[in-house]
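The data block below is structure_33.cif; it holds mmCIF, C-alpha atoms (C1' of nucleotides).
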```cif
data_start
loop_
_atom_site.group_PDB
_atom_site.id
_atom_site.type_symbol
_atom_site.label_atom_id
_atom_site.label_comp_id
_atom_site.auth_asym_id
_atom_site.auth_seq_id
_atom_site.Cartn_x
_atom_site.Cartn_y
_atom_site.Cartn_z
ATOM 1 C CA MET G 1 11.802 3.975 -9.800
ATOM 2 C CA ASP G 2 8.753 3.726 -7.588
ATOM 3 C CA LEU G 3 6.537 2.341 -10.309
ATOM 4 C CA ALA G 4 8.670 -0.763 -10.554
ATOM 5 C CA LEU G 5 8.775 -0.947 -6.781
ATOM 6 C CA LEU G 6 5.007 -1.032 -6.455
ATOM 7 C CA THR G 7 4.482 -3.662 -9.128
ATOM 8 C CA ALA G 8 7.372 -5.777 -7.901
ATOM 9 C CA VAL G 9 6.112 -5.825 -4.340
ATOM 10 C CA ALA G 10 2.532 -6.493 -5.429
ATOM 11 C CA SER G 11 3.377 -10.114 -6.279
ATOM 12 C CA PRO G 12 3.131 -12.647 -3.433
ATOM 13 C CA ARG G 13 5.792 -14.777 -5.068
ATOM 14 C CA ARG G 14 8.260 -11.900 -5.219
ATOM 15 C CA ARG G 15 7.429 -10.952 -1.639
ATOM 16 C CA GLU G 16 8.242 -14.530 -0.675
ATOM 17 C CA ILE G 17 11.654 -14.216 -2.315
ATOM 18 C CA LEU G 18 12.272 -10.872 -0.617
ATOM 19 C CA ARG G 19 11.348 -12.375 2.725
ATOM 20 C CA LEU G 20 13.893 -15.162 2.226
ATOM 21 C CA LEU G 21 16.594 -12.673 1.269
ATOM 22 C CA TRP G 22 15.660 -10.384 4.156
ATOM 23 C CA ASP G 23 17.422 -12.717 6.617
ATOM 24 C CA GLY G 24 20.567 -13.023 4.526
ATOM 25 C CA ASP G 25 22.035 -13.492 1.074
ATOM 26 C CA LEU G 26 21.192 -16.677 -0.805
ATOM 27 C CA THR G 27 22.116 -18.360 -4.058
ATOM 28 C CA ALA G 28 19.442 -18.807 -6.705
ATOM 29 C CA GLY G 29 19.458 -22.516 -5.954
ATOM 30 C CA ALA G 30 18.938 -21.984 -2.233
ATOM 31 C CA ILE G 31 15.987 -19.722 -2.952
ATOM 32 C CA HIS G 32 14.492 -22.369 -5.185
ATOM 33 C CA GLU G 33 14.987 -25.059 -2.524
ATOM 34 C CA ALA G 34 12.947 -22.962 -0.119
ATOM 35 C CA MET G 35 10.112 -22.763 -2.661
ATOM 36 C CA PRO G 36 9.264 -26.358 -3.569
ATOM 37 C CA ASP G 37 6.035 -25.513 -5.361
ATOM 38 C CA VAL G 38 7.629 -23.795 -8.362
ATOM 39 C CA THR G 39 10.292 -24.696 -10.875
ATOM 40 C CA PHE G 40 13.773 -23.234 -10.875
ATOM 41 C CA GLY G 41 12.914 -21.401 -14.063
ATOM 42 C CA ALA G 42 10.010 -19.579 -12.447
ATOM 43 C CA VAL G 43 12.225 -18.487 -9.559
ATOM 44 C CA SER G 44 14.878 -17.263 -11.958
ATOM 45 C CA LEU G 45 12.343 -15.199 -13.884
ATOM 46 C CA GLN G 46 11.076 -13.534 -10.728
ATOM 47 C CA LEU G 47 14.643 -12.866 -9.625
ATOM 48 C CA LYS G 48 15.188 -11.096 -12.906
ATOM 49 C CA VAL G 49 12.127 -8.924 -12.318
ATOM 50 C CA LEU G 50 13.435 -7.991 -8.869
ATOM 51 C CA LEU G 51 16.862 -7.366 -10.376
ATOM 52 C CA ASP G 52 15.475 -5.086 -13.093
ATOM 53 C CA ALA G 53 13.449 -3.222 -10.485
ATOM 54 C CA GLY G 54 16.628 -2.656 -8.498
ATOM 55 C CA LEU G 55 15.237 -4.393 -5.419
ATOM 56 C CA VAL G 56 17.968 -7.047 -5.326
ATOM 57 C CA GLU G 57 21.494 -7.318 -6.634
ATOM 58 C CA CYS G 58 23.437 -10.331 -7.799
ATOM 59 C CA GLN G 59 27.079 -11.304 -7.475
ATOM 60 C CA ALA G 60 28.705 -14.286 -9.160
ATOM 61 C CA ASP G 61 30.676 -16.697 -6.974
ATOM 62 C CA ARG G 62 32.159 -19.587 -8.950
ATOM 63 C CA GLN G 63 29.208 -21.231 -10.673
ATOM 64 C CA PHE G 64 26.761 -19.789 -8.156
ATOM 65 C CA ARG G 65 24.888 -16.488 -8.193
ATOM 66 C CA VAL G 66 24.462 -14.910 -4.791
ATOM 67 C CA TYR G 67 21.460 -12.618 -4.460
ATOM 68 C CA ARG G 68 21.217 -9.798 -1.948
ATOM 69 C CA VAL G 69 18.313 -7.530 -1.096
ATOM 70 C CA ARG G 70 18.835 -3.790 -1.642
ATOM 71 C CA ARG G 71 17.267 -2.317 1.475
ATOM 72 C CA GLU G 72 17.652 1.268 0.319
ATOM 73 C CA ALA G 73 15.415 0.591 -2.655
ATOM 74 C CA LEU G 74 12.851 -1.148 -0.479
ATOM 75 C CA SER G 75 12.832 1.437 2.297
ATOM 76 C CA PRO G 76 9.520 3.057 1.272
ATOM 77 C CA VAL G 77 7.658 -0.205 1.831
ATOM 78 C CA ALA G 78 9.995 -1.964 4.262
ATOM 79 C CA PRO G 79 7.930 -1.145 7.375
ATOM 80 C CA MET G 80 4.830 -2.631 5.813
ATOM 81 C CA LEU G 81 6.649 -5.739 4.615
ATOM 82 C CA GLU G 82 8.326 -6.299 7.954
ATOM 83 C CA GLN G 83 5.034 -5.946 9.734
ATOM 84 C CA MET G 84 3.485 -8.535 7.438
ATOM 85 C CA TRP G 85 6.356 -10.941 8.035
ATOM 86 C CA THR G 86 6.593 -10.592 11.799
ATOM 87 C CA ASP G 87 2.879 -10.481 12.554
ATOM 88 C CA ALA G 88 1.751 -13.889 13.715
ATOM 89 C CA LEU G 89 -1.579 -13.541 11.976
ATOM 90 C CA TRP G 90 0.139 -12.999 8.688
ATOM 91 C CA ARG G 91 2.183 -16.141 9.018
ATOM 92 C CA LEU G 92 -1.003 -18.140 9.133
ATOM 93 C CA LYS G 93 -2.214 -16.471 5.981
ATOM 94 C CA LEU G 94 0.960 -17.039 3.996
ATOM 95 C CA LYS G 95 0.105 -20.477 2.638
ATOM 96 C CA ALA G 96 -3.434 -19.492 1.782
ATOM 97 C CA GLU G 97 -2.233 -16.350 0.077
ATOM 98 C CA LEU G 98 0.177 -18.233 -2.143
ATOM 99 C CA ALA G 99 -2.352 -20.883 -3.027
ATOM 100 C CA GLU G 100 -5.119 -18.411 -3.812
ATOM 101 C CA THR G 101 -3.190 -15.883 -5.851
ATOM 102 C CA ARG G 102 -1.321 -18.419 -7.909
ATOM 103 C CA ARG G 103 -1.160 -17.720 -11.638
ATOM 104 C CA GLY G 104 -0.071 -19.678 -14.674
ATOM 105 C CA PRO G 105 -0.498 -23.374 -15.431
ATOM 106 C CA LYS G 106 -1.066 -25.806 -12.605
ATOM 107 C CA PRO G 107 1.950 -27.862 -11.589
ATOM 108 C CA ARG G 108 2.045 -31.063 -13.617
ATOM 109 C CA ARG G 109 3.462 -34.371 -12.520
ATOM 110 C CA ARG G 110 6.917 -34.900 -13.943
ATOM 111 C CA SER G 111 6.664 -37.570 -16.643
ATOM 112 C CA ARG G 112 9.409 -39.716 -15.075
ATOM 113 C CA PRO G 113 10.570 -38.063 -11.844
ATOM 114 C CA ALA G 114 13.569 -40.074 -10.707
ATOM 115 C CA LEU G 115 14.463 -41.867 -13.915
ATOM 116 C CA ALA G 116 17.466 -40.121 -15.371
ATOM 117 C CA ARG G 117 17.928 -40.009 -19.118
ATOM 118 C CA ARG G 118 19.856 -43.213 -19.892
ATOM 119 C CA ARG G 119 21.466 -41.700 -22.914
ATOM 120 C CA SER G 120 24.740 -43.592 -22.602
ATOM 121 C CA LEU G 121 23.295 -46.958 -21.647
ATOM 122 C CA SER G 122 23.204 -48.630 -25.025
ATOM 123 C CA LYS G 123 25.587 -46.859 -27.298
ATOM 124 C CA THR G 124 24.841 -49.134 -30.239
ATOM 125 C CA GLU G 125 21.112 -48.904 -29.698
ATOM 126 C CA ASP G 126 19.322 -49.825 -32.926
ATOM 127 C CA ARG G 127 15.871 -48.341 -32.176
ATOM 128 C CA MET A 128 -5.741 -5.467 5.458
ATOM 129 C CA ASP A 129 -2.338 -4.734 3.951
ATOM 130 C CA LEU A 130 -2.629 -7.387 1.279
ATOM 131 C CA ALA A 131 -5.594 -5.652 -0.274
ATOM 132 C CA LEU A 132 -3.792 -2.348 0.079
ATOM 133 C CA LEU A 133 -0.791 -3.539 -1.894
ATOM 134 C CA THR A 134 -2.788 -5.064 -4.711
ATOM 135 C CA ALA A 135 -5.166 -2.118 -4.902
ATOM 136 C CA VAL A 136 -2.363 0.424 -5.131
ATOM 137 C CA ALA A 137 -0.452 -1.684 -7.673
ATOM 138 C CA SER A 138 -2.894 -0.768 -10.431
ATOM 139 C CA PRO A 139 -2.171 2.447 -12.369
ATOM 140 C CA ARG A 140 -5.866 2.898 -13.040
ATOM 141 C CA ARG A 141 -6.734 2.720 -9.360
ATOM 142 C CA ARG A 142 -3.879 5.063 -8.507
ATOM 143 C CA GLU A 143 -5.311 7.498 -11.016
ATOM 144 C CA ILE A 144 -8.657 7.376 -9.239
ATOM 145 C CA LEU A 145 -6.999 7.836 -5.864
ATOM 146 C CA ARG A 146 -5.080 10.831 -7.181
ATOM 147 C CA LEU A 147 -8.327 12.447 -8.337
ATOM 148 C CA LEU A 148 -9.967 11.827 -4.972
ATOM 149 C CA TRP A 149 -6.875 13.038 -3.121
ATOM 150 C CA ASP A 150 -7.794 16.658 -3.889
ATOM 151 C CA GLY A 151 -11.394 16.287 -2.836
ATOM 152 C CA ASP A 152 -14.516 14.150 -2.938
ATOM 153 C CA LEU A 153 -16.045 13.401 -6.317
ATOM 154 C CA THR A 154 -19.092 11.662 -7.698
ATOM 155 C CA ALA A 155 -18.633 8.524 -9.777
ATOM 156 C CA GLY A 156 -19.600 10.523 -12.834
ATOM 157 C CA ALA A 157 -17.038 13.240 -12.180
ATOM 158 C CA ILE A 158 -14.337 10.608 -11.835
ATOM 159 C CA HIS A 159 -15.371 9.090 -15.129
ATOM 160 C CA GLU A 160 -15.354 12.507 -16.850
ATOM 161 C CA ALA A 161 -11.737 12.917 -15.790
ATOM 162 C CA MET A 162 -10.860 9.569 -17.370
ATOM 163 C CA PRO A 163 -12.030 9.767 -20.981
ATOM 164 C CA ASP A 164 -10.211 6.631 -22.109
ATOM 165 C CA VAL A 165 -12.379 4.157 -20.223
ATOM 166 C CA THR A 166 -16.069 3.461 -19.949
ATOM 167 C CA PHE A 167 -18.173 4.347 -16.965
ATOM 168 C CA GLY A 168 -18.539 0.666 -16.219
ATOM 169 C CA ALA A 169 -14.804 0.183 -15.940
ATOM 170 C CA VAL A 170 -14.543 3.086 -13.509
ATOM 171 C CA SER A 171 -17.371 1.713 -11.437
ATOM 172 C CA LEU A 172 -15.707 -1.688 -11.213
ATOM 173 C CA GLN A 173 -12.432 -0.172 -10.026
ATOM 174 C CA LEU A 174 -14.310 1.958 -7.509
ATOM 175 C CA LYS A 175 -15.798 -1.220 -6.139
ATOM 176 C CA VAL A 176 -12.349 -2.755 -5.767
ATOM 177 C CA LEU A 177 -11.154 0.313 -3.868
ATOM 178 C CA LEU A 178 -14.328 0.210 -1.776
ATOM 179 C CA ASP A 179 -13.860 -3.466 -0.896
ATOM 180 C CA ALA A 180 -10.229 -2.769 -0.015
ATOM 181 C CA GLY A 181 -11.400 -0.040 2.346
ATOM 182 C CA LEU A 182 -9.367 2.635 0.562
ATOM 183 C CA VAL A 183 -12.384 4.774 -0.313
ATOM 184 C CA GLU A 184 -15.877 5.210 1.062
ATOM 185 C CA CYS A 185 -19.081 6.122 -0.667
ATOM 186 C CA GLN A 186 -22.051 8.204 0.387
ATOM 187 C CA ALA A 187 -25.290 8.559 -1.552
ATOM 188 C CA ASP A 188 -26.500 12.066 -2.304
ATOM 189 C CA ARG A 189 -29.770 12.087 -4.247
ATOM 190 C CA GLN A 190 -29.090 10.043 -7.361
ATOM 191 C CA PHE A 191 -25.342 10.644 -7.084
ATOM 192 C CA ARG A 192 -22.699 8.653 -5.230
ATOM 193 C CA VAL A 193 -19.981 10.740 -3.674
ATOM 194 C CA TYR A 194 -16.667 8.953 -3.195
ATOM 195 C CA ARG A 195 -14.096 9.936 -0.595
ATOM 196 C CA VAL A 196 -10.600 8.630 -0.012
ATOM 197 C CA ARG A 197 -9.883 7.019 3.372
ATOM 198 C CA ARG A 198 -6.501 8.488 4.232
ATOM 199 C CA GLU A 199 -6.066 6.368 7.355
ATOM 200 C CA ALA A 200 -6.153 3.218 5.252
ATOM 201 C CA LEU A 201 -3.696 4.655 2.743
ATOM 202 C CA SER A 202 -1.273 6.058 5.301
ATOM 203 C CA PRO A 203 1.358 3.302 4.876
ATOM 204 C CA VAL A 204 1.836 4.228 1.220
ATOM 205 C CA ALA A 205 0.643 7.830 1.221
ATOM 206 C CA PRO A 206 4.159 9.340 1.248
ATOM 207 C CA MET A 207 5.156 7.331 -1.791
ATOM 208 C CA LEU A 208 1.972 8.164 -3.672
ATOM 209 C CA GLU A 209 2.224 11.857 -2.859
ATOM 210 C CA GLN A 210 5.809 11.916 -4.010
ATOM 211 C CA MET A 211 4.799 10.292 -7.292
ATOM 212 C CA TRP A 212 2.017 12.796 -7.815
ATOM 213 C CA THR A 213 3.946 15.937 -6.937
ATOM 214 C CA ASP A 214 7.195 15.046 -8.662
ATOM 215 C CA ALA A 215 7.343 16.831 -11.999
ATOM 216 C CA LEU A 216 9.098 13.909 -13.635
ATOM 217 C CA TRP A 217 6.298 11.629 -12.666
ATOM 218 C CA ARG A 218 3.690 13.831 -14.261
ATOM 219 C CA LEU A 219 5.421 13.377 -17.588
ATOM 220 C CA LYS A 220 5.360 9.644 -17.166
ATOM 221 C CA LEU A 221 1.681 9.397 -16.290
ATOM 222 C CA LYS A 222 0.302 9.033 -19.793
ATOM 223 C CA ALA A 223 2.994 6.593 -20.842
ATOM 224 C CA GLU A 224 2.394 4.558 -17.715
ATOM 225 C CA LEU A 225 -1.307 4.267 -18.392
ATOM 226 C CA ALA A 226 -0.776 3.374 -22.030
ATOM 227 C CA GLU A 227 1.851 0.751 -21.307
ATOM 228 C CA THR A 228 0.215 -1.048 -18.445
ATOM 229 C CA ARG A 229 -3.234 -1.089 -19.974
ATOM 230 C CA ARG A 230 -5.080 -4.398 -19.792
ATOM 231 C CA GLY A 231 -8.250 -5.728 -21.337
ATOM 232 C CA PRO A 232 -9.670 -5.107 -24.791
ATOM 233 C CA LYS A 233 -8.581 -2.057 -26.715
ATOM 234 C CA PRO A 234 -11.085 0.779 -26.830
ATOM 235 C CA ARG A 235 -13.387 0.296 -29.800
ATOM 236 C CA ARG A 236 -15.103 3.009 -31.694
ATOM 237 C CA ARG A 237 -18.679 3.389 -30.555
ATOM 238 C CA SER A 238 -20.930 2.017 -33.271
ATOM 239 C CA ARG A 239 -23.143 5.147 -33.319
ATOM 240 C CA PRO A 240 -21.832 7.611 -30.750
ATOM 241 C CA ALA A 241 -24.451 10.362 -30.648
ATOM 242 C CA LEU A 242 -27.424 8.471 -32.030
ATOM 243 C CA ALA A 243 -29.668 7.675 -29.101
ATOM 244 C CA ARG A 244 -31.877 4.633 -29.200
ATOM 245 C CA ARG A 245 -35.024 5.849 -30.951
ATOM 246 C CA ARG A 246 -37.184 3.406 -29.099
ATOM 247 C CA SER A 247 -40.238 5.639 -28.935
ATOM 248 C CA LEU A 248 -40.038 6.994 -32.448
ATOM 249 C CA SER A 249 -42.420 4.585 -34.124
ATOM 250 C CA LYS A 250 -44.675 3.215 -31.468
ATOM 251 C CA THR A 251 -46.631 1.108 -33.902
ATOM 252 C CA GLU A 252 -43.511 -0.261 -35.512
ATOM 253 C CA ASP A 253 -44.408 -3.498 -37.308
ATOM 254 C CA ARG A 254 -40.905 -5.096 -37.483
ATOM 255 C "C1'" DC O 255 -47.127 5.955 -15.266
ATOM 256 C "C1'" DT O 256 -42.925 7.460 -18.625
ATOM 257 C "C1'" DC O 257 -38.594 9.733 -19.470
ATOM 258 C "C1'" DT O 258 -34.170 11.026 -18.144
ATOM 259 C "C1'" DT O 259 -29.952 10.791 -15.553
ATOM 260 C "C1'" DA O 260 -26.584 8.359 -12.560
ATOM 261 C "C1'" DT O 261 -24.592 4.256 -11.458
ATOM 262 C "C1'" DT O 262 -24.004 -0.681 -10.972
ATOM 263 C "C1'" DT O 263 -24.017 -5.266 -12.679
ATOM 264 C "C1'" DT O 264 -23.613 -8.923 -16.041
ATOM 265 C "C1'" DA O 265 -21.655 -11.422 -19.841
ATOM 266 C "C1'" DG O 266 -18.173 -11.872 -22.780
ATOM 267 C "C1'" DT O 267 -13.372 -10.463 -24.740
ATOM 268 C "C1'" DT O 268 -8.509 -9.351 -24.538
ATOM 269 C "C1'" DT O 269 -4.128 -9.198 -22.632
ATOM 270 C "C1'" DG O 270 -0.223 -9.614 -19.705
ATOM 271 C "C1'" DA O 271 1.651 -11.976 -15.620
ATOM 272 C "C1'" DT O 272 2.873 -16.291 -14.116
ATOM 273 C "C1'" DC O 273 3.903 -20.551 -14.721
ATOM 274 C "C1'" DT O 274 6.010 -25.388 -16.937
ATOM 275 C "C1'" DA O 275 9.113 -27.940 -19.659
ATOM 276 C "C1'" DA O 276 12.806 -27.979 -22.379
ATOM 277 C "C1'" DA O 277 16.793 -25.879 -24.463
ATOM 278 C "C1'" DT O 278 20.707 -23.221 -23.578
ATOM 279 C "C1'" DT O 279 24.621 -21.050 -21.311
ATOM 280 C "C1'" DA O 280 28.367 -21.207 -18.109
ATOM 281 C "C1'" DA O 281 31.748 -22.983 -15.183
ATOM 282 C "C1'" DG O 282 34.252 -26.556 -12.496
ATOM 283 C "C1'" DA O 283 36.019 -31.450 -12.318
ATOM 284 C "C1'" DG O 284 37.873 -35.580 -14.322
ATOM 285 C "C1'" DC U 285 37.226 -33.343 -24.683
ATOM 286 C "C1'" DT U 286 32.952 -35.128 -21.608
ATOM 287 C "C1'" DC U 287 30.153 -35.032 -17.524
ATOM 288 C "C1'" DT U 288 27.948 -32.672 -13.925
ATOM 289 C "C1'" DT U 289 25.978 -28.797 -11.571
ATOM 290 C "C1'" DA U 290 24.020 -23.986 -11.475
ATOM 291 C "C1'" DA U 291 21.332 -20.866 -13.548
ATOM 292 C "C1'" DT U 292 19.132 -18.456 -17.406
ATOM 293 C "C1'" DT U 293 16.409 -18.223 -21.462
ATOM 294 C "C1'" DT U 294 12.893 -19.588 -24.672
ATOM 295 C "C1'" DA U 295 8.459 -21.255 -26.287
ATOM 296 C "C1'" DG U 296 4.143 -22.352 -25.144
ATOM 297 C "C1'" DA U 297 -0.003 -22.836 -21.797
ATOM 298 C "C1'" DT U 298 -3.115 -21.096 -18.318
ATOM 299 C "C1'" DC U 299 -5.487 -17.828 -15.700
ATOM 300 C "C1'" DA U 300 -7.311 -13.775 -13.696
ATOM 301 C "C1'" DA U 301 -7.310 -8.582 -14.096
ATOM 302 C "C1'" DA U 302 -9.111 -5.096 -16.817
ATOM 303 C "C1'" DC U 303 -11.765 -3.853 -20.092
ATOM 304 C "C1'" DT U 304 -16.319 -3.139 -23.420
ATOM 305 C "C1'" DA U 305 -21.079 -3.173 -24.426
ATOM 306 C "C1'" DA U 306 -25.344 -3.804 -22.932
ATOM 307 C "C1'" DA U 307 -28.738 -4.716 -19.480
ATOM 308 C "C1'" DA U 308 -30.375 -3.713 -14.981
ATOM 309 C "C1'" DT U 309 -31.143 -0.788 -11.032
ATOM 310 C "C1'" DA U 310 -32.296 3.481 -8.756
ATOM 311 C "C1'" DA U 311 -34.012 7.895 -8.110
ATOM 312 C "C1'" DG U 312 -35.761 12.455 -9.527
ATOM 313 C "C1'" DA U 313 -38.852 15.094 -12.798
ATOM 314 C "C1'" DG U 314 -42.864 15.652 -15.667
#
```
What do you get writing this file as C-alpha cells?
Amino acid sequence: MDLALLTAVASPRRREILRLLWDGDLTAGAIHEAMPDVTFGAVSLQLKVLLDAGLVECQADRQFRVYRVRREALSPVAPMLEQMWTDALWRLKLKAELAETRRGPKPRRRSRPALARRRSLSKTEDR
Amino acid sequence: MDLALLTAVASPRRREILRLLWDGDLTAGAIHEAMPDVTFGAVSLQLKVLLDAGLVECQADRQFRVYRVRREALSPVAPMLEQMWTDALWRLKLKAELAETRRGPKPRRRSRPALARRRSLSKTEDR
DNA sequence: CTCTTATTTTAGTTTGATCTAAATTAAGAG
DNA sequence: CTCTTAATTTAGATCAAACTAAAATAAGAG
C-alpha cells in the first residue's frame, strides 16, 4: 500500500487536508470551511482519494461524515510531514506552495453569489 | 528541500532510476539501456529533475556523465523505498505500476529504426 | 577539419490530476 | 409530502508532467 501512500502525500492539497485532520477529527464541511479557495466538490474528491489510499477513515454521524486520519498508515512519512508542519520556515511557504502547484481550471466568479434561486416566488410565472 | 523530495519520489519513473542507481553509479547511457521503453531524452529530463532536487549528483568522465545517488538527501524516505524494492510482492507489481501510471504520448514505432541518415552518401545530390 | 558517440535541450504532443459547476443522494425537520 | 442541509458524484475544462522526435552540444578519434 506504499504506492498509494507516496502519490497521496505528493499532493499539496491532500497534505493540507491531512494537516487539518492531524489536530483532530473533522466533518467534510469543516474541512471545506478551512479551505476557502476550493469548492466542496474538490474537497470531497480529495477525501475520497485519501480514503481509498487508507490514509483516512470516515464515520457517519447523522447527516455529517466525520473524517479521521489513520496514523498507522501514515507512519512511514509522518516524521517528514510533522517537520514540514511545525517548521516555521515551512509555514511561510505554505501559501506560495498552494498557489504555485495549483492544477485544474482557475476559480471563476459565481454567476450570482448571494442571490438564491427564487423558484417559488411566482408560481404562476408565465415566462 | 523536502517538497522537492516528495514530488521527485512520487514519480514511478524517477523511482526506477533511483533503484538502478541504488546498487551503484551509472552513466546516463547505462540508465537508458536499462529502461528500453523510453527515449534517451526522457531519461535525461528525469535525471535533471533528480539533479535539481538534489537527490543525485553527476560527474563528467570523458564524454560520459556518471550519476550517483545522494543517500543523505534520500534518507527520510530510504526505508520505504528499500522496502518496496526488496519486497518480492513489489517486484511483481513493478511492470504494472509503470504501465498504469505512464504519462505523455504513447511510444510510437520508429519510422526507420536501423536506417541511419545517409547524409554523406551522395555529396553532389541535386535535390 | 569530419565522423562518431554520449548527452542535453528544444519544440510540440498526449494524458491524467485537479479543478468547477451542476446534478444527485441522503437524512433531518416541519 | 416539501424544504433545507451535508456530502458525493458526474460531466466537462484546464493545466502541467511526461513523453517523442529532432536539433544542438560536447568530446574523443581519425
Distance of atom CA of Leu153 of chain A from atom CA of Val193 of chain A, expressed in Å to one decimal place: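 Here the two named atoms are 5.4 Å from each other.
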Contact set, chain O to chain G: 7 Å, only C-alpha atoms (C1' of nucleotides), as a PyMOL selection string: chain O and resi 272-274+281
Residues returned when the PyMOL selection byres ((chain U and resi 306) around 12) runs on this file, as a list in words: Gly168 of chain A; DT263, DT264, DA265 and DG266 of chain O; DT304, DA305, DA307 and DA308 of chain U
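Coordinates place atom CA of Thr86 of chain G at a distance of 10.4 Å from atom CA of Arg19 of chain G.
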Selection result of the PyMOL selection byres ((chain A) within 10 of (chain G)) on this file, as number ranges by chain: A: 128-139, 203-204, 206-208, 210-211, 217, 224
Point-to-point distance in Å for atom CA of Ala73 of chain G and atom CA of Asp150 of chain A: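 Those two atoms sit 28.3 Å apart.
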Point (-16.6, 6.5, -12.8) neighbourhood (10 Å, only C-alpha atoms (C1' of nucleotides)) written as a list in words: Ile144, Leu153, Thr154, Ala155, Gly156, Ala157, Ile158, His159, Glu160, Ala161, Met162, Pro163, Val165, Thr166, Phe167, Gly168, Ala169, Val170, Ser171, Leu172, Gln173, Leu174, Arg192 and Tyr194 of chain A; DT261 of chain O
Within 6 Å of chain G, which residues of chain U come that close, and what is the closest atom pair and distance in Å for each? Count only C-alpha atoms (C1' of nucleotides) and give it as CSV.
```
residue,atom,partner,partner_atom,distance
U:DA290,C1',G:Gln63,CA,5.9
U:DT298,C1',G:Pro105,CA,4.5
U:DC299,C1',G:Gly104,CA,5.8
```
Start from the incomplete input, build N, CA and C atoms for segment 20-31 of chain G, and deliver everything as an mmCIF file, in the coordinates of the input.
```
data_model
loop_
_atom_site.group_PDB
_atom_site.id
_atom_site.type_symbol
_atom_site.label_atom_id
_atom_site.label_comp_id
_atom_site.auth_asym_id
_atom_site.auth_seq_id
_atom_site.Cartn_x
_atom_site.Cartn_y
_atom_site.Cartn_z
ATOM 1 N N LEU G 20 12.762 -14.245 2.068
ATOM 2 C CA LEU G 20 13.893 -15.162 2.226
ATOM 3 C C LEU G 20 15.207 -14.383 2.263
ATOM 4 N N LEU G 21 15.340 -13.426 1.361
ATOM 5 C CA LEU G 21 16.594 -12.673 1.269
ATOM 6 C C LEU G 21 16.742 -11.673 2.411
ATOM 7 N N TRP G 22 15.624 -11.365 3.072
ATOM 8 C CA TRP G 22 15.660 -10.384 4.156
ATOM 9 C C TRP G 22 16.583 -10.844 5.283
ATOM 10 N N ASP G 23 16.615 -12.167 5.517
ATOM 11 C CA ASP G 23 17.422 -12.717 6.617
ATOM 12 C C ASP G 23 18.878 -12.921 6.224
ATOM 13 N N GLY G 24 19.181 -12.826 4.934
ATOM 14 C CA GLY G 24 20.567 -13.023 4.526
ATOM 15 C C GLY G 24 20.663 -13.391 3.056
ATOM 16 N N ASP G 25 21.844 -13.222 2.497
ATOM 17 C CA ASP G 25 22.035 -13.492 1.074
ATOM 18 C C ASP G 25 21.881 -14.979 0.791
ATOM 19 N N LEU G 26 21.396 -15.290 -0.409
ATOM 20 C CA LEU G 26 21.192 -16.677 -0.805
ATOM 21 C C LEU G 26 21.536 -16.838 -2.288
ATOM 22 N N THR G 27 21.937 -18.058 -2.645
ATOM 23 C CA THR G 27 22.116 -18.360 -4.058
ATOM 24 C C THR G 27 20.742 -18.609 -4.683
ATOM 25 N N ALA G 28 20.696 -18.537 -6.008
ATOM 26 C CA ALA G 28 19.442 -18.807 -6.705
ATOM 27 C C ALA G 28 18.941 -20.202 -6.361
ATOM 28 N N GLY G 29 19.839 -21.150 -6.284
ATOM 29 C CA GLY G 29 19.458 -22.516 -5.954
ATOM 30 C C GLY G 29 18.861 -22.636 -4.566
ATOM 31 N N ALA G 30 19.452 -21.938 -3.604
ATOM 32 C CA ALA G 30 18.938 -21.984 -2.233
ATOM 33 C C ALA G 30 17.544 -21.385 -2.164
ATOM 34 N N ILE G 31 17.322 -20.329 -2.919
ATOM 35 C CA ILE G 31 15.987 -19.722 -2.952
ATOM 36 C C ILE G 31 14.991 -20.716 -3.513
#
```
